[in-house]
$ cat data.cif   # mmCIF, C-alpha atoms
data_run
loop_
_atom_site.label_atom_id
_atom_site.label_comp_id
_atom_site.auth_asym_id
_atom_site.auth_seq_id
_atom_site.Cartn_x
_atom_site.Cartn_y
_atom_site.Cartn_z
CA LYS A 1 52.33 -147.68 143.65
CA THR A 2 51.89 -144.36 141.97
CA ASP A 3 54.52 -142.85 139.67
CA TRP A 4 55.30 -139.95 142.02
CA LYS A 5 56.17 -142.33 144.87
CA ILE A 6 58.25 -144.49 142.54
CA ALA A 7 60.18 -141.41 141.33
CA LYS A 8 60.98 -140.43 144.93
CA GLU A 9 62.12 -143.95 145.80
CA SER A 10 64.30 -144.11 142.68
CA ALA A 11 65.97 -140.79 143.52
CA LEU A 12 66.65 -141.87 147.10
CA LYS A 13 68.57 -144.91 145.81
CA TYR A 14 71.26 -142.48 144.59
CA ASP A 15 71.45 -140.49 147.82
CA ASN A 16 69.30 -141.43 150.80
CA ASP A 17 70.64 -138.50 152.84
CA VAL A 18 68.57 -135.96 150.91
CA GLN A 19 65.10 -134.90 151.94
CA ILE A 20 62.48 -135.36 149.23
CA THR A 21 58.84 -134.47 149.72
CA SER A 22 56.67 -135.79 146.91
CA HIS A 23 53.37 -134.20 145.92
CA LEU A 24 50.56 -135.33 143.67
CA ASP A 25 48.88 -132.12 142.57
CA ASP A 26 48.31 -129.72 139.68
CA ILE A 27 51.42 -127.50 139.40
CA LYS A 28 49.34 -124.82 137.66
CA GLN A 29 47.39 -124.00 140.83
CA SER A 30 47.97 -120.49 142.15
CA LYS A 31 49.49 -121.80 145.40
CA TYR A 32 52.52 -122.89 143.33
CA GLY A 33 53.47 -119.37 142.28
CA PRO A 34 56.71 -117.39 142.62
CA THR A 35 56.46 -117.29 146.44
CA TYR A 36 56.31 -121.09 146.62
CA PHE A 37 59.23 -121.50 144.19
CA SER A 38 61.33 -118.91 146.05
CA GLN A 39 62.05 -121.43 148.81
CA PHE A 40 64.14 -123.59 146.46
CA ASP A 41 67.70 -123.15 145.18
CA LEU A 42 66.97 -125.10 141.98
CA VAL A 43 63.85 -126.45 140.28
CA LEU A 44 64.00 -129.88 138.61
CA ASN A 45 61.24 -130.34 136.08
CA ALA A 46 60.04 -133.70 134.74
CA LEU A 47 56.47 -132.91 133.74
CA ASP A 48 54.36 -134.81 131.26
CA ASN A 49 52.69 -131.98 129.33
CA LEU A 50 53.80 -128.88 127.48
CA GLY A 51 51.40 -126.50 129.24
CA ALA A 52 52.74 -127.44 132.67
CA ARG A 53 56.33 -127.21 131.44
CA ARG A 54 55.72 -123.70 130.09
CA HIS A 55 54.01 -122.69 133.32
CA VAL A 56 56.92 -123.84 135.50
CA ASN A 57 59.34 -122.04 133.17
CA ARG A 58 57.43 -118.77 133.63
CA ILE A 59 57.23 -119.18 137.42
CA CYS A 60 60.98 -119.88 137.62
CA LEU A 61 61.66 -116.74 135.61
CA ALA A 62 59.40 -114.70 137.91
CA ALA A 63 60.96 -116.21 141.04
CA LYS A 64 64.49 -115.88 139.57
CA LYS A 65 65.22 -119.56 140.13
CA PRO A 66 67.31 -121.80 137.85
CA LEU A 67 65.39 -124.58 136.09
CA LEU A 68 66.65 -127.98 134.99
CA GLU A 69 64.01 -128.77 132.37
CA SER A 70 63.57 -132.33 131.12
CA GLY A 71 61.10 -134.13 128.94
CA THR A 72 60.56 -136.62 126.17
CA SER A 73 59.31 -136.66 122.62
CA GLY A 74 58.63 -140.18 121.44
CA TRP A 75 61.82 -142.14 122.14
CA MET A 76 63.96 -139.03 122.49
CA GLY A 77 64.71 -137.44 125.86
CA GLN A 78 66.30 -134.10 126.59
CA VAL A 79 67.58 -132.14 129.58
CA PHE A 80 68.27 -128.41 129.45
CA PRO A 81 69.63 -126.18 132.22
CA HIS A 82 68.15 -122.68 132.27
CA ASN A 83 70.02 -120.24 134.49
CA VAL A 84 68.64 -116.99 135.83
CA GLY A 85 69.98 -114.07 133.84
CA ASP A 86 70.91 -116.14 130.79
CA LEU A 87 69.12 -115.49 127.54
CA SER A 88 67.77 -119.01 127.48
CA CYS A 89 64.58 -120.36 128.95
CA PHE A 90 62.27 -123.23 128.05
CA GLU A 91 60.13 -121.06 125.77
CA CYS A 92 62.93 -118.74 124.58
CA ASN A 93 64.59 -121.46 122.51
CA PRO A 94 61.85 -123.80 121.28
CA ILE A 95 62.82 -127.36 120.54
CA PRO A 96 62.28 -128.18 116.85
CA GLN A 97 59.23 -130.35 116.26
CA PRO A 98 60.02 -133.78 114.79
CA THR A 99 59.05 -134.41 111.17
CA THR A 100 58.75 -138.15 111.76
CA PHE A 101 56.98 -139.88 114.59
CA PRO A 102 57.93 -143.04 116.49
CA VAL A 103 55.62 -146.01 116.07
CA CYS A 104 54.59 -145.69 119.74
CA THR A 105 52.86 -142.37 118.99
CA ILE A 106 50.97 -143.49 115.89
CA ARG A 107 47.58 -145.07 116.30
CA SER A 108 45.44 -146.64 113.64
CA SER A 109 41.74 -146.00 113.24
#

$ encode --input "data.cif" --output "structure tokens"
Amino acid sequence: KTDWKIAKESALKYDNDVQITSHLDDIKQSKYGPTYFSQFDLVLNALDNLGARRHVNRICLAAKKPLLESGTSGWMGQVFPHNVGDLSCFECNPIPQPTTFPVCTIRSS
């Protein structure tokens, strides 16, 4: 199974009455612009790279949609709500970069 199907199945375990449509695609494609995001009440973000996370942040700002941004750094995870009209967004308040790195991110040559 692919991760995107597993994520959908995991979410449905909490509430199987919701409708979830999973996609495997590049979120940075132009078809996923403000018009696409306008159909949603809330955007939940769990992306695996910083560029995509920044892109979704900018599209949510343009579409005036709240964003629940989540991600990981090594062993640490974080979730931040960003509401339309607030002075906070994913890029507005950068997360401090760690000065130490977990063993899982260090590779030897």

$ resolve_selection --input "data.cif" --expression "the PyMOL selection byres ((chain A and resi 35-43) around 9)" --output "PyMOL selection string"
chain A and resi 31-34+44-45+56+59-60+63-69

$ closest_residue --input "data.cif" --among "A:Gln29, A:Asn57, A:Glu9, A:Val18" --to "Pro81 of chain A" --atoms "all atoms listed in the file"
A:Asn57

$ atom_distance --input "data.cif" --atom1 "atom CA of Ile27 of chain A" --atom2 "atom CA of Ala52 of chain A"
6.9 Å

$ closest_residue --input "data.cif" --among "A:Ser10, A:Ala62, A:Ala46, A:Gly51" --to "Val79 of chain A" --atoms "only C-alpha atoms"
A:Ala46

$ axis_aligned_box --input "data.cif" --around "segment 56-62 of chain A" --padding-each-side "4 Å" --output "JSON"
{"center_x": 59.3, "center_y": -119.3, "center_z": 135.5, "size_x": 12.7, "size_y": 17.1, "size_z": 12.7}

$ resolve_selection --input "data.cif" --expression "the PyMOL selection byres ((chain A and resi 8) around 10)" --output "number ranges by chain"
A: 3-7, 9-13, 19-23
